[in-house]
>>> print(open('my_file_27.cif').read())   # mmCIF, C-alpha atoms and all ligand atoms
data_final
#
loop_
_atom_site.label_atom_id
_atom_site.label_comp_id
_atom_site.auth_asym_id
_atom_site.auth_seq_id
_atom_site.Cartn_x
_atom_site.Cartn_y
_atom_site.Cartn_z
CA MET A 215 3.66 13.74 -35.90
CA PRO A 216 2.84 10.35 -34.27
CA THR A 217 2.23 10.64 -30.53
CA VAL A 218 3.27 7.81 -28.23
CA VAL A 219 2.10 7.86 -24.61
CA HIS A 220 3.92 5.76 -22.01
CA VAL A 221 2.12 4.90 -18.77
CA THR A 222 4.12 4.22 -15.62
CA GLY A 223 2.93 4.13 -12.06
CA ALA A 224 4.87 1.89 -9.72
CA ARG A 225 8.56 1.48 -8.97
CA PRO A 226 9.23 -1.57 -11.19
CA ASN A 227 7.80 0.23 -14.24
CA PHE A 228 10.48 2.91 -14.32
CA PRO A 229 13.59 0.87 -15.31
CA LYS A 230 11.54 -0.85 -18.04
CA ALA A 231 10.23 2.39 -19.57
CA ALA A 232 13.50 4.36 -19.62
CA PRO A 233 15.24 2.42 -22.44
CA VAL A 234 12.14 2.49 -24.65
CA ILE A 235 11.69 6.23 -24.22
CA HIS A 236 15.39 6.83 -24.83
CA ALA A 237 15.32 4.71 -28.01
CA LEU A 238 12.33 6.57 -29.45
CA GLU A 239 13.86 9.94 -28.52
CA GLN A 240 16.37 9.28 -31.30
CA ASN A 241 13.57 9.76 -33.83
CA PRO A 242 12.73 13.48 -33.89
CA ASN A 243 9.51 12.73 -35.78
CA TYR A 244 7.85 11.29 -32.69
CA GLN A 245 6.16 13.10 -29.87
CA GLN A 246 6.47 11.16 -26.62
CA LEU A 247 4.52 11.85 -23.45
CA LEU A 248 4.91 10.12 -20.12
CA VAL A 249 1.95 9.64 -17.79
CA HIS A 250 2.67 8.90 -14.12
CA THR A 251 -0.39 7.39 -12.49
CA GLY A 252 0.93 8.15 -9.00
CA GLN A 253 0.42 4.56 -7.75
CA HIS A 254 3.80 4.99 -6.07
CA TYR A 255 4.18 8.52 -4.76
CA ASP A 256 6.81 8.61 -1.98
CA LYS A 257 9.92 10.43 -3.22
CA GLY A 258 12.03 7.33 -2.52
CA MET A 259 9.68 5.11 -4.52
CA SER A 260 9.26 7.45 -7.49
CA ASP A 261 11.02 10.86 -7.92
CA VAL A 262 14.49 9.51 -7.27
CA PHE A 263 13.99 6.89 -10.00
CA PHE A 264 13.04 9.57 -12.51
CA GLU A 265 16.27 11.44 -11.68
CA GLN A 266 18.63 8.47 -11.70
CA LEU A 267 17.16 6.76 -14.78
CA GLY A 268 16.95 9.99 -16.81
CA LEU A 269 13.20 9.71 -17.35
CA PRO A 270 11.44 12.78 -18.76
CA LYS A 271 9.20 14.81 -16.49
CA PRO A 272 5.68 13.35 -16.63
CA ALA A 273 3.25 15.27 -18.84
CA ILE A 274 0.66 14.52 -16.17
CA ASN A 275 0.57 12.83 -12.77
CA LEU A 276 -2.85 11.32 -12.10
CA GLY A 277 -2.12 11.22 -8.36
CA ILE A 278 -4.13 8.05 -7.73
CA GLY A 279 -2.23 7.03 -4.58
CA SER A 280 -2.92 3.92 -2.52
CA GLY A 281 -6.18 2.01 -2.15
CA SER A 282 -7.84 -1.30 -2.83
CA HIS A 283 -7.25 -2.91 -6.21
CA ALA A 284 -10.63 -1.68 -7.47
CA GLU A 285 -10.00 1.84 -6.18
CA GLN A 286 -6.55 2.09 -7.74
CA THR A 287 -7.68 0.63 -11.05
CA ALA A 288 -10.76 2.81 -11.22
CA ARG A 289 -8.86 6.02 -10.39
CA VAL A 290 -6.31 5.36 -13.13
CA MET A 291 -9.09 4.61 -15.60
CA VAL A 292 -11.05 7.78 -14.90
CA GLY A 293 -7.99 10.05 -14.97
CA LEU A 294 -6.46 8.47 -18.04
CA GLU A 295 -9.70 8.38 -20.01
CA THR A 296 -10.05 12.14 -19.71
CA TYR A 297 -6.42 12.73 -20.65
CA LEU A 298 -6.38 10.38 -23.65
CA THR A 299 -9.76 11.43 -25.03
CA ASP A 300 -8.44 14.94 -25.59
CA LEU A 301 -5.03 13.80 -26.79
CA GLU A 302 -5.95 10.96 -29.20
CA PRO A 303 -2.45 9.41 -29.25
CA ASP A 304 -1.33 6.90 -31.89
CA LEU A 305 -0.04 4.37 -29.38
CA LEU A 306 -0.14 3.72 -25.65
CA VAL A 307 2.76 1.74 -24.16
CA VAL A 308 2.31 -0.06 -20.83
CA TYR A 309 4.90 -1.91 -18.75
CA GLY A 310 4.91 -5.00 -16.55
CA ASP A 311 2.00 -6.18 -14.45
CA VAL A 312 1.02 -3.63 -11.81
CA ASN A 313 -2.48 -2.25 -11.30
CA SER A 314 -1.65 0.90 -13.28
CA THR A 315 -0.73 -1.33 -16.24
CA VAL A 316 -4.05 -3.15 -16.43
CA ALA A 317 -6.06 0.02 -15.84
CA ALA A 318 -4.29 1.83 -18.67
CA ALA A 319 -4.76 -1.15 -21.00
CA LEU A 320 -8.51 -1.18 -20.38
CA VAL A 321 -8.79 2.52 -21.14
CA ALA A 322 -6.79 2.21 -24.36
CA ALA A 323 -8.88 -0.74 -25.54
CA LYS A 324 -12.16 1.07 -24.90
CA LEU A 325 -11.00 4.29 -26.56
CA ASN A 326 -9.75 2.25 -29.51
CA ILE A 327 -6.17 3.43 -29.01
CA ARG A 328 -3.52 0.96 -30.11
CA LEU A 329 -1.72 -0.67 -27.21
CA ALA A 330 1.79 -2.09 -26.75
CA HIS A 331 2.71 -4.23 -23.74
CA VAL A 332 6.34 -4.42 -22.68
CA GLU A 333 7.02 -7.67 -20.76
CA ALA A 334 4.15 -9.57 -22.36
CA GLY A 335 3.51 -13.28 -21.90
CA LEU A 336 5.05 -13.91 -18.47
CA ARG A 337 2.91 -16.38 -16.53
CA SER A 338 3.15 -17.81 -13.02
CA PHE A 339 -0.12 -19.71 -13.63
CA ASP A 340 -1.11 -18.59 -10.13
CA ARG A 341 -4.30 -16.56 -10.24
CA GLY A 342 -3.91 -15.92 -6.53
CA MET A 343 -1.39 -13.24 -7.49
CA PRO A 344 -2.98 -9.97 -8.56
CA GLU A 345 -0.15 -9.45 -11.02
CA GLU A 346 -1.05 -12.66 -12.88
CA ILE A 347 -4.57 -11.40 -13.49
CA ASN A 348 -3.15 -8.10 -14.71
CA ARG A 349 -0.78 -9.90 -17.12
CA VAL A 350 -3.48 -12.06 -18.68
CA VAL A 351 -5.89 -9.17 -19.19
CA VAL A 352 -3.27 -6.78 -20.59
CA ASP A 353 -1.99 -9.35 -23.08
CA GLN A 354 -5.50 -10.06 -24.37
CA LEU A 355 -6.02 -6.36 -25.04
CA SER A 356 -2.63 -5.53 -26.56
CA ASP A 357 -1.96 -4.96 -30.25
CA ILE A 358 1.82 -5.28 -29.91
CA LEU A 359 3.26 -7.85 -27.50
CA LEU A 360 6.90 -7.25 -26.58
CA VAL A 361 8.43 -10.31 -25.00
CA THR A 362 11.42 -10.58 -22.65
CA SER A 363 12.00 -14.36 -22.62
CA ALA A 364 11.33 -17.20 -25.02
CA GLU A 365 8.76 -19.16 -23.01
CA ALA A 366 6.49 -16.11 -23.03
CA MET A 367 6.11 -16.51 -26.82
CA HIS A 368 4.67 -19.95 -26.17
CA HIS A 369 2.26 -18.70 -23.49
CA LEU A 370 0.92 -16.03 -25.82
CA ALA A 371 0.48 -18.52 -28.66
CA MET A 372 -1.41 -20.87 -26.31
CA GLU A 373 -3.72 -17.98 -25.41
CA GLY A 374 -4.46 -17.36 -29.07
CA ARG A 375 -2.53 -14.13 -29.48
CA PRO A 376 -1.49 -13.51 -33.09
CA ILE A 377 2.12 -14.41 -33.68
CA VAL A 378 2.65 -11.52 -36.12
CA ASN A 379 2.14 -9.03 -33.31
CA THR A 380 4.41 -10.87 -30.85
CA HIS A 381 8.07 -9.85 -30.79
CA PHE A 382 10.90 -11.37 -28.76
CA VAL A 383 12.88 -8.23 -28.02
CA GLY A 384 14.81 -8.99 -24.82
CA ASN A 385 14.59 -7.33 -21.44
CA PRO A 386 14.65 -3.53 -21.20
CA MET A 387 15.08 -3.69 -17.42
CA ILE A 388 18.47 -5.26 -18.11
CA ASP A 389 19.30 -2.39 -20.52
CA THR A 390 18.91 -0.05 -17.57
CA LEU A 391 20.96 -2.29 -15.30
CA LEU A 392 23.85 -2.58 -17.75
CA ARG A 393 23.79 1.14 -18.55
CA LEU A 394 23.86 2.22 -14.92
CA LEU A 395 26.14 -0.44 -13.46
CA PRO A 396 29.28 1.77 -13.71
CA SER A 397 27.51 4.61 -11.85
CA SER A 398 26.15 2.16 -9.31
CA ASP A 399 29.64 0.77 -8.71
CA GLU A 400 30.77 4.27 -7.72
CA THR A 401 27.97 4.64 -5.19
CA VAL A 402 29.02 4.89 -1.58
CA LEU A 403 26.50 3.04 0.52
CA ALA A 404 25.52 4.36 3.92
CA ILE A 405 25.14 0.92 5.41
CA PRO A 406 26.54 -0.85 8.45
CA ASP A 407 30.04 -2.12 7.86
CA HIS A 408 29.73 -5.90 7.47
CA ASP A 409 32.31 -8.03 5.69
CA ARG A 410 29.60 -10.20 4.32
CA TYR A 411 25.87 -9.61 4.27
CA GLY A 412 22.70 -10.79 2.60
CA VAL A 413 19.97 -8.58 1.19
CA LEU A 414 16.35 -9.20 2.10
CA THR A 415 13.35 -7.72 0.30
CA LEU A 416 9.82 -8.90 0.97
CA HIS A 417 6.60 -7.11 0.07
CA ARG A 418 4.20 -9.64 -1.51
CA PRO A 419 0.87 -10.04 0.27
CA SER A 420 1.49 -13.82 0.42
CA ASN A 421 4.58 -13.22 2.59
CA VAL A 422 3.87 -10.11 4.62
CA ASP A 423 0.12 -9.59 4.94
CA SER A 424 -0.92 -12.28 7.41
CA GLU A 425 0.11 -12.27 11.06
CA SER A 426 0.21 -16.05 11.29
CA GLY A 427 2.43 -16.21 8.18
CA LEU A 428 4.79 -13.67 9.70
CA ARG A 429 4.96 -15.58 12.98
CA GLU A 430 6.23 -18.54 10.96
CA LEU A 431 8.57 -16.53 8.74
CA VAL A 432 10.35 -14.39 11.35
CA PRO A 433 12.14 -17.19 13.31
CA HIS A 434 13.54 -18.64 10.07
CA LEU A 435 14.97 -15.28 9.05
CA LEU A 436 16.35 -14.54 12.53
CA ASN A 437 18.04 -17.91 12.50
CA ILE A 438 19.66 -17.25 9.10
CA ALA A 439 20.75 -13.80 10.25
CA GLU A 440 22.80 -15.39 13.05
CA ARG A 441 25.09 -16.70 10.31
CA LEU A 442 24.77 -13.84 7.84
CA PRO A 443 23.64 -10.33 8.76
CA LEU A 444 20.74 -9.24 6.58
CA LEU A 445 20.04 -5.74 5.26
CA PHE A 446 16.40 -5.07 4.42
CA PRO A 447 15.35 -2.00 2.42
CA LEU A 448 11.76 -1.88 3.61
CA HIS A 449 8.80 -1.48 1.30
CA PRO A 450 6.35 0.81 3.12
CA ARG A 451 3.47 -1.67 2.85
CA ALA A 452 5.29 -4.18 5.03
CA ALA A 453 7.27 -1.97 7.39
CA ASP A 454 4.98 -1.75 10.43
CA ARG A 455 3.85 -5.37 10.35
CA LEU A 456 7.42 -6.66 10.07
CA ARG A 457 8.56 -4.45 12.94
CA SER A 458 5.79 -5.61 15.23
CA ALA A 459 6.41 -9.24 14.24
CA GLY A 460 9.90 -8.83 15.80
CA LEU A 461 11.95 -9.15 12.63
CA PHE A 462 14.45 -6.55 13.78
CA SER A 463 14.60 -7.66 17.42
CA SER A 464 18.07 -9.26 17.36
CA GLY A 465 19.84 -6.42 15.53
CA ARG A 466 21.16 -8.92 12.98
CA ILE A 467 18.49 -7.89 10.46
CA GLN A 468 18.69 -4.18 9.80
CA ALA A 469 15.93 -2.10 8.31
CA LEU A 470 16.90 0.44 5.64
CA GLU A 471 14.77 3.09 4.01
CA PRO A 472 13.60 2.20 0.47
CA LEU A 473 16.72 2.65 -1.65
CA ALA A 474 17.12 4.53 -4.90
CA TYR A 475 18.01 2.54 -8.02
CA LEU A 476 21.81 2.98 -8.03
CA GLU A 477 22.05 2.29 -4.31
CA PHE A 478 19.89 -0.82 -4.49
CA VAL A 479 21.89 -2.28 -7.38
CA ALA A 480 25.13 -1.55 -5.46
CA LEU A 481 23.71 -3.24 -2.37
CA MET A 482 22.78 -6.38 -4.35
CA ARG A 483 26.03 -6.51 -6.29
CA ARG A 484 28.12 -6.62 -3.12
CA ALA A 485 25.87 -9.12 -1.31
CA ALA A 486 26.65 -12.78 -0.59
CA LEU A 487 23.07 -13.61 -1.52
CA VAL A 488 19.62 -12.08 -1.86
CA ILE A 489 16.40 -13.39 -0.35
CA SER A 490 13.39 -11.83 -2.03
CA ASP A 491 9.87 -12.18 -3.36
CA SER A 492 10.27 -9.51 -6.04
CA GLY A 493 10.01 -10.11 -9.78
CA GLY A 494 12.68 -7.65 -10.90
CA VAL A 495 15.23 -8.79 -8.31
CA GLN A 496 15.19 -12.31 -9.82
CA GLU A 497 16.21 -10.79 -13.15
CA GLU A 498 18.77 -8.33 -11.82
CA THR A 499 20.59 -10.92 -9.67
CA THR A 500 20.75 -13.20 -12.71
CA ILE A 501 22.80 -10.60 -14.55
CA LEU A 502 24.78 -9.56 -11.47
CA ASN A 503 25.57 -13.24 -10.84
CA VAL A 504 24.50 -12.99 -7.20
CA PRO A 505 22.63 -16.01 -5.76
CA CYS A 506 18.94 -15.26 -5.37
CA LEU A 507 16.55 -17.23 -3.18
CA THR A 508 12.98 -16.42 -4.15
CA LEU A 509 10.54 -17.04 -1.33
CA ARG A 510 7.59 -18.00 -3.52
CA GLU A 511 5.90 -21.16 -4.75
CA ASN A 512 6.24 -20.22 -8.40
CA THR A 513 7.80 -17.70 -10.71
CA GLU A 514 6.68 -16.07 -13.94
CA ARG A 515 10.40 -15.70 -14.72
CA PRO A 516 11.67 -19.31 -15.01
CA VAL A 517 14.51 -18.19 -17.28
CA THR A 518 16.18 -16.79 -14.14
CA ILE A 519 16.35 -20.37 -12.83
CA THR A 520 17.44 -22.09 -16.05
CA HIS A 521 19.84 -19.32 -17.14
CA GLY A 522 20.57 -17.50 -13.92
CA THR A 523 21.14 -17.64 -10.20
CA ASN A 524 17.57 -17.90 -8.97
CA GLN A 525 16.11 -20.72 -6.86
CA LEU A 526 12.55 -21.00 -5.59
CA VAL A 527 12.53 -21.75 -1.88
CA SER A 528 9.92 -22.44 0.80
CA LEU A 529 10.32 -21.52 4.45
CA GLN A 530 11.31 -25.14 5.02
CA SER A 531 14.05 -25.17 2.40
CA LEU A 532 15.33 -21.60 2.88
CA THR A 533 17.90 -22.25 5.61
CA THR A 534 19.42 -25.23 3.79
CA ALA A 535 19.66 -23.18 0.61
CA VAL A 536 21.38 -20.30 2.45
CA ASN A 537 23.82 -22.70 4.12
CA GLY A 538 24.64 -24.26 0.76
CA ILE A 539 25.48 -20.88 -0.75
CA LEU A 540 27.56 -19.82 2.27
CA GLN A 541 29.51 -23.09 2.13
CA GLY A 542 30.41 -22.25 -1.44
CA ASP A 543 28.15 -24.69 -3.25
CA ALA A 544 28.15 -22.56 -6.37
CA LEU A 545 24.88 -22.49 -8.19
CA PRO A 546 25.43 -23.90 -11.65
CA ARG A 547 24.73 -21.30 -14.28
CA LEU A 548 23.31 -23.58 -16.91
CA ALA A 549 23.11 -21.42 -19.96
CA GLY A 550 23.20 -17.80 -18.88
CA PRO A 551 22.71 -15.01 -19.50
CA PRO A 552 19.21 -15.33 -20.92
CA PRO A 553 18.97 -14.73 -24.67
CA LEU A 554 18.72 -11.06 -25.68
CA TRP A 555 19.34 -9.73 -22.18
CA ASP A 556 22.10 -7.74 -23.80
CA GLY A 557 21.33 -4.08 -23.24
CA GLN A 558 19.68 -3.61 -26.64
CA ALA A 559 16.04 -4.40 -25.86
CA GLY A 560 14.97 -0.74 -25.84
CA GLN A 561 16.39 -0.27 -29.34
CA ARG A 562 14.54 -3.36 -30.59
CA ILE A 563 11.30 -2.18 -29.03
CA GLY A 564 11.81 1.24 -30.62
CA MET A 565 12.22 -0.41 -34.01
CA VAL A 566 9.09 -2.56 -33.61
CA ILE A 567 7.04 0.48 -32.61
CA GLN A 568 8.30 2.58 -35.50
CA SER A 569 7.65 -0.13 -38.03
CA TYR A 570 4.16 -0.72 -36.56
CA LEU A 571 3.26 2.96 -36.74
CA GLY A 572 4.79 3.24 -40.20
C1 LIG B 601 3.00 -2.90 -6.43
C2 LIG B 601 2.64 -3.96 -7.46
C3 LIG B 601 3.62 -5.13 -7.33
C4 LIG B 601 5.06 -4.64 -7.40
C5 LIG B 601 5.27 -3.56 -6.35
C6 LIG B 601 6.66 -3.01 -6.37
C7 LIG B 601 0.24 -4.16 -7.95
C8 LIG B 601 -0.93 -5.05 -7.82
N1 LIG B 601 1.31 -4.52 -7.22
O1 LIG B 601 2.82 -3.47 -5.14
O2 LIG B 601 3.39 -6.01 -8.41
O3 LIG B 601 5.92 -5.73 -7.15
O4 LIG B 601 4.34 -2.50 -6.62
O5 LIG B 601 6.85 -2.11 -5.31
O6 LIG B 601 0.19 -3.19 -8.67
N2 LIG B 601 2.95 2.76 -0.30
C9 LIG B 601 3.59 3.85 0.25
N3 LIG B 601 4.21 4.72 -0.59
C10 LIG B 601 4.21 4.57 -1.93
C11 LIG B 601 3.54 3.47 -2.47
C12 LIG B 601 2.93 2.57 -1.64
O7 LIG B 601 3.62 4.04 1.46
O8 LIG B 601 4.80 5.41 -2.65
C13 LIG B 601 2.32 1.79 0.63
C14 LIG B 601 0.87 2.10 0.91
O9 LIG B 601 0.61 1.69 2.22
C15 LIG B 601 0.15 1.19 -0.04
C16 LIG B 601 1.05 -0.02 -0.07
O10 LIG B 601 2.36 0.50 0.04
O11 LIG B 601 -1.15 0.88 0.36
C17 LIG B 601 0.93 -0.88 -1.28
O12 LIG B 601 1.19 -0.11 -2.47
P1 LIG B 601 0.57 -0.60 -3.87
O13 LIG B 601 0.99 0.31 -4.96
O14 LIG B 601 -0.87 -0.84 -3.70
O15 LIG B 601 1.20 -2.02 -4.08
P2 LIG B 601 2.69 -2.56 -3.87
O16 LIG B 601 2.69 -3.48 -2.71
O17 LIG B 601 3.67 -1.45 -3.89
#
>>> encode(input="my_file_27.cif", output="structure tokens")
Amino acid sequence: MPTVVHVTGARPNFPKAAPVIHALEQNPNYQQLLVHTGQHYDKGMSDVFFEQLGLPKPAINLGIGSGSHAEQTARVMVGLETYLTDLEPDLLVVYGDVNSTVAAALVAAKLNIRLAHVEAGLRSFDRGMPEEINRVVVDQLSDILLVTSAEAMHHLAMEGRPIVNTHFVGNPMIDTLLRLLPSSDETVLAIPDHDRYGVLTLHRPSNVDSESGLRELVPHLLNIAERLPLLFPLHPRAADRLRSAGLFSSGRIQALEPLAYLEFVALMRRAALVISDSGGVQEETTILNVPCLTLRENTERPVTITHGTNQLVSLQSLTTAVNGILQGDALPRLAGPPPLWDGQAGQRIGMVIQSYLG
């Protein structure tokens, strides 16, 4: 019986893995095992996603926790090497671009275990982002490259990856979104009662790690919040710094606990706009048709701009962009939704894996 091991570790991995696992579950001839690295460990960042997305209980949790990039990567590698050496699976599947992803890919390559990467080929061309380094390394090591948007095929070809192993399958994160949208719509949100609000999520080191950067950022956001109250489900890495930088001083920006999947989708769907530096939020707002202002210099997901509702903004252009949206300057949706973001990506990935493993 072929054994497929999926490795997940951080919050954005979970909605990508669920549709792939569910698709392969339809084939009783496969044994599937899920490894949780424990990169994200708070209940609200992990357990609640397993429940809501219907993910199987992990076969093992490596419990790596927080640490520097080297510490996290090394802990995943040591734990996973022991686990996989005994198990000798036929395929390891990794998701996205977090530290757990690159660590697992390195272990698979060195143990000569075949490796599939879901969300291959995305590039911001910004090596200042740890995720970009993870993406490049994982794609070089992968035997099967599963691609969510067309330009990623080109990036992989330019990096010399064999075209026969590269498959444009669509976006499994959108499978999860479309599947759970009806349940999310029924969710009652315990949030302040505003007629109209924006959602704010910021956690990237480039936005929240430096005090001088925060001193610049906070007045812009407070100013916007005078026109549109902002609700901010806080990522734990940023919470204390944002509080002491005065982000919540006026009461117009309200901190929320990290939200579970259904609640977060409901919050976005009912919002006038979203301001974020997340990768997944750019994709989800594209499908929800909610304007998204991404506070970054670049994006590895340009299809959300050409086919969706996403705009890249700087601190200088943010207020103008918000005003434009609030005045009803609809963002033109040029050609959306992106090709193959249709809820069937997990099935396609399942088919590629089964045909690869014979
Ligand atoms: C990671 C990913 C990032 C992704 C994000 C989604 C990498 C390099 N980064 O960033 O690409 O967008 O996940 O959330 O892998 N913490 C907790 N509880 C938790 C997890 C984290 O309190 O359950 C706090 C800790 O202080 C920790 C910090 O958040 O040090 C950062 O966590 P980490 O997993 O290192 O990176 P993220 O910022 O979450």
>>> closest_atom_pairs(input="my_file_27.cif", of="region 367-458 of chain A", to="region 313-333 of chain A", cutoff="9 Å", atoms="only C-alpha atoms", output="JSON lines")
{"residue": "A:Gly384", "atom": "CA", "partner": "A:Glu333", "partner_atom": "CA", "distance": 8.9}
{"residue": "A:Asn385", "atom": "CA", "partner": "A:Glu333", "partner_atom": "CA", "distance": 7.6}
{"residue": "A:Pro386", "atom": "CA", "partner": "A:Val332", "partner_atom": "CA", "distance": 8.5}
>>> residues_near_ligand(input="my_file_27.cif", ligand="ligand LIG 601 (chain B)", cutoff="10 Å", atoms="only C-alpha atoms and all ligand atoms", output="ChimeraX atom specification")
/A:223-227,252-261,278-283,285-287,310-316,343-348,416-419,422,449-454,472,491-495
>>> residues_around(input="my_file_27.cif", residues="Leu360 (chain A)", least_positions_apart="5", cutoff="12 Å", atoms="all atoms listed in the file", output="PyMOL selection string")
chain A and resi 230+234+307-310+329-336+352-353+366-367+370+377-386+559-560+562-567
>>> atom_distance(input="my_file_27.cif", atom1="CA of Val402 (chain A)", atom2="CA of Leu481 (chain A)")
9.7 Å
>>> residues_near_point(input="my_file_27.cif", point="(7.6, -13.8, 6.6)", cutoff="12 Å", atoms="only C-alpha atoms", output="VMD selection string")
chain A and resid 414 to 436 452 to 453 455 to 457 459 to 461 489 to 491 509 to 510 528 to 529 532
>>> atom_distance(input="my_file_27.cif", atom1="CA of Ala232 (chain A)", atom2="CA of Glu400 (chain A)")
21.0 Å
>>> closest_residue(input="my_file_27.cif", among="A:Asp300, A:Asp389, A:Asp556, A:Asp340", to="Ala231 (chain A)", atoms="all atoms listed in the file")
A:Asp389
>>> axis_aligned_box(input="my_file_27.cif", around="region 526-531 of chain A", padding_each_side="8 Å", output="lines of an AutoDock Vina configuration file")
center_x = 12.0
center_y = -23.1
center_z = -0.3
size_x = 20.1
size_y = 20.2
size_z = 26.6
>>> atom_distance(input="my_file_27.cif", atom1="CA of Ala469 (chain A)", atom2="CA of Pro447 (chain A)")
5.9 Å
>>> closest_residue(input="my_file_27.cif", among="A:Arg393, A:Leu359, A:Ser531, A:Ile539", to="Gly412 (chain A)", atoms="all atoms listed in the file")
A:Ile539
>>> residues_near_point(input="my_file_27.cif", point="(-9.8, 13.0, -16.9)", cutoff="12 Å", atoms="only C-alpha atoms", output="list in words")
Thr251, Ile274, Asn275, Leu276, Gly277, Ile278, Ala288, Arg289, Val290, Met291, Val292, Gly293, Leu294, Glu295, Thr296, Tyr297, Leu298, Thr299, Asp300, Leu301 and Val321 of chain A
>>> write_last_selection(input="my_file_27.cif", atoms="C-alpha atoms", output="PDB file, keeping the file's coordinate frame")
ATOM      1  CA  THR A 251      -0.390   7.390 -12.490  1.00  0.00           C
ATOM      2  CA  ILE A 274       0.660  14.520 -16.170  1.00  0.00           C
ATOM      3  CA  ASN A 275       0.570  12.830 -12.770  1.00  0.00           C
ATOM      4  CA  LEU A 276      -2.850  11.320 -12.100  1.00  0.00           C
ATOM      5  CA  GLY A 277      -2.120  11.220  -8.360  1.00  0.00           C
ATOM      6  CA  ILE A 278      -4.130   8.050  -7.730  1.00  0.00           C
ATOM      7  CA  ALA A 288     -10.760   2.810 -11.220  1.00  0.00           C
ATOM      8  CA  ARG A 289      -8.860   6.020 -10.390  1.00  0.00           C
ATOM      9  CA  VAL A 290      -6.310   5.360 -13.130  1.00  0.00           C
ATOM     10  CA  MET A 291      -9.090   4.610 -15.600  1.00  0.00           C
ATOM     11  CA  VAL A 292     -11.050   7.780 -14.900  1.00  0.00           C
ATOM     12  CA  GLY A 293      -7.990  10.050 -14.970  1.00  0.00           C
ATOM     13  CA  LEU A 294      -6.460   8.470 -18.040  1.00  0.00           C
ATOM     14  CA  GLU A 295      -9.700   8.380 -20.010  1.00  0.00           C
ATOM     15  CA  THR A 296     -10.050  12.140 -19.710  1.00  0.00           C
ATOM     16  CA  TYR A 297      -6.420  12.730 -20.650  1.00  0.00           C
ATOM     17  CA  LEU A 298      -6.380  10.380 -23.650  1.00  0.00           C
ATOM     18  CA  THR A 299      -9.760  11.430 -25.030  1.00  0.00           C
ATOM     19  CA  ASP A 300      -8.440  14.940 -25.590  1.00  0.00           C
ATOM     20  CA  LEU A 301      -5.030  13.800 -26.790  1.00  0.00           C
ATOM     21  CA  VAL A 321      -8.790   2.520 -21.140  1.00  0.00           C
TER      22      VAL A 321
END
>>> closest_residue(input="my_file_27.cif", among="A:Pro443, A:Gly374, A:Pro303, A:Gly550", to="Asn503 (chain A)", atoms="only C-alpha atoms")
A:Gly550
>>> closest_residue(input="my_file_27.cif", among="A:Val350, A:Leu444, A:Met482, A:Cys506", to="Ser338 (chain A)", atoms="only C-alpha atoms")
A:Val350
>>> decode(input="my_file_27.cif", residues="region 510-521 of chain A", atoms="N, CA and C atoms", output="mmCIF file, in the first residue's frame")
data_model
loop_
_atom_site.group_PDB
_atom_site.id
_atom_site.type_symbol
_atom_site.label_atom_id
_atom_site.label_comp_id
_atom_site.auth_asym_id
_atom_site.auth_seq_id
_atom_site.Cartn_x
_atom_site.Cartn_y
_atom_site.Cartn_z
ATOM 1 N N ARG A 510 2.694 45.917 0.919
ATOM 2 C CA ARG A 510 3.998 45.326 0.606
ATOM 3 C C ARG A 510 4.499 45.925 -0.696
ATOM 4 N N GLU A 511 5.816 45.792 -0.919
ATOM 5 C CA GLU A 511 6.384 46.346 -2.154
ATOM 6 C C GLU A 511 6.181 45.410 -3.334
ATOM 7 N N ASN A 512 5.914 44.152 -3.058
ATOM 8 C CA ASN A 512 5.801 43.185 -4.153
ATOM 9 C C ASN A 512 4.847 42.086 -3.716
ATOM 10 N N THR A 513 4.480 41.267 -4.675
ATOM 11 C CA THR A 513 3.670 40.095 -4.321
ATOM 12 C C THR A 513 4.098 38.917 -5.180
ATOM 13 N N GLU A 514 4.094 37.742 -4.577
ATOM 14 C CA GLU A 514 4.340 36.501 -5.321
ATOM 15 C C GLU A 514 3.034 35.996 -5.926
ATOM 16 N N ARG A 515 1.962 36.767 -5.749
ATOM 17 C CA ARG A 515 0.640 36.344 -6.229
ATOM 18 C C ARG A 515 0.043 37.415 -7.161
ATOM 19 N N PRO A 516 0.731 37.765 -8.258
ATOM 20 C CA PRO A 516 0.261 38.856 -9.118
ATOM 21 C C PRO A 516 -1.097 38.567 -9.760
ATOM 22 N N VAL A 517 -1.474 37.305 -9.822
ATOM 23 C CA VAL A 517 -2.778 36.980 -10.423
ATOM 24 C C VAL A 517 -3.925 37.594 -9.609
ATOM 25 N N THR A 518 -3.667 37.882 -8.330
ATOM 26 C CA THR A 518 -4.707 38.516 -7.510
ATOM 27 C C THR A 518 -4.877 39.992 -7.870
ATOM 28 N N ILE A 519 -3.883 40.547 -8.568
ATOM 29 C CA ILE A 519 -4.008 41.930 -9.062
ATOM 30 C C ILE A 519 -4.663 41.923 -10.445
ATOM 31 N N THR A 520 -4.161 41.043 -11.328
ATOM 32 C CA THR A 520 -4.687 41.035 -12.699
ATOM 33 C C THR A 520 -6.085 40.432 -12.773
ATOM 34 N N HIS A 521 -6.390 39.483 -11.893
ATOM 35 C CA HIS A 521 -7.680 38.782 -11.964
ATOM 36 C C HIS A 521 -8.517 38.973 -10.712
#
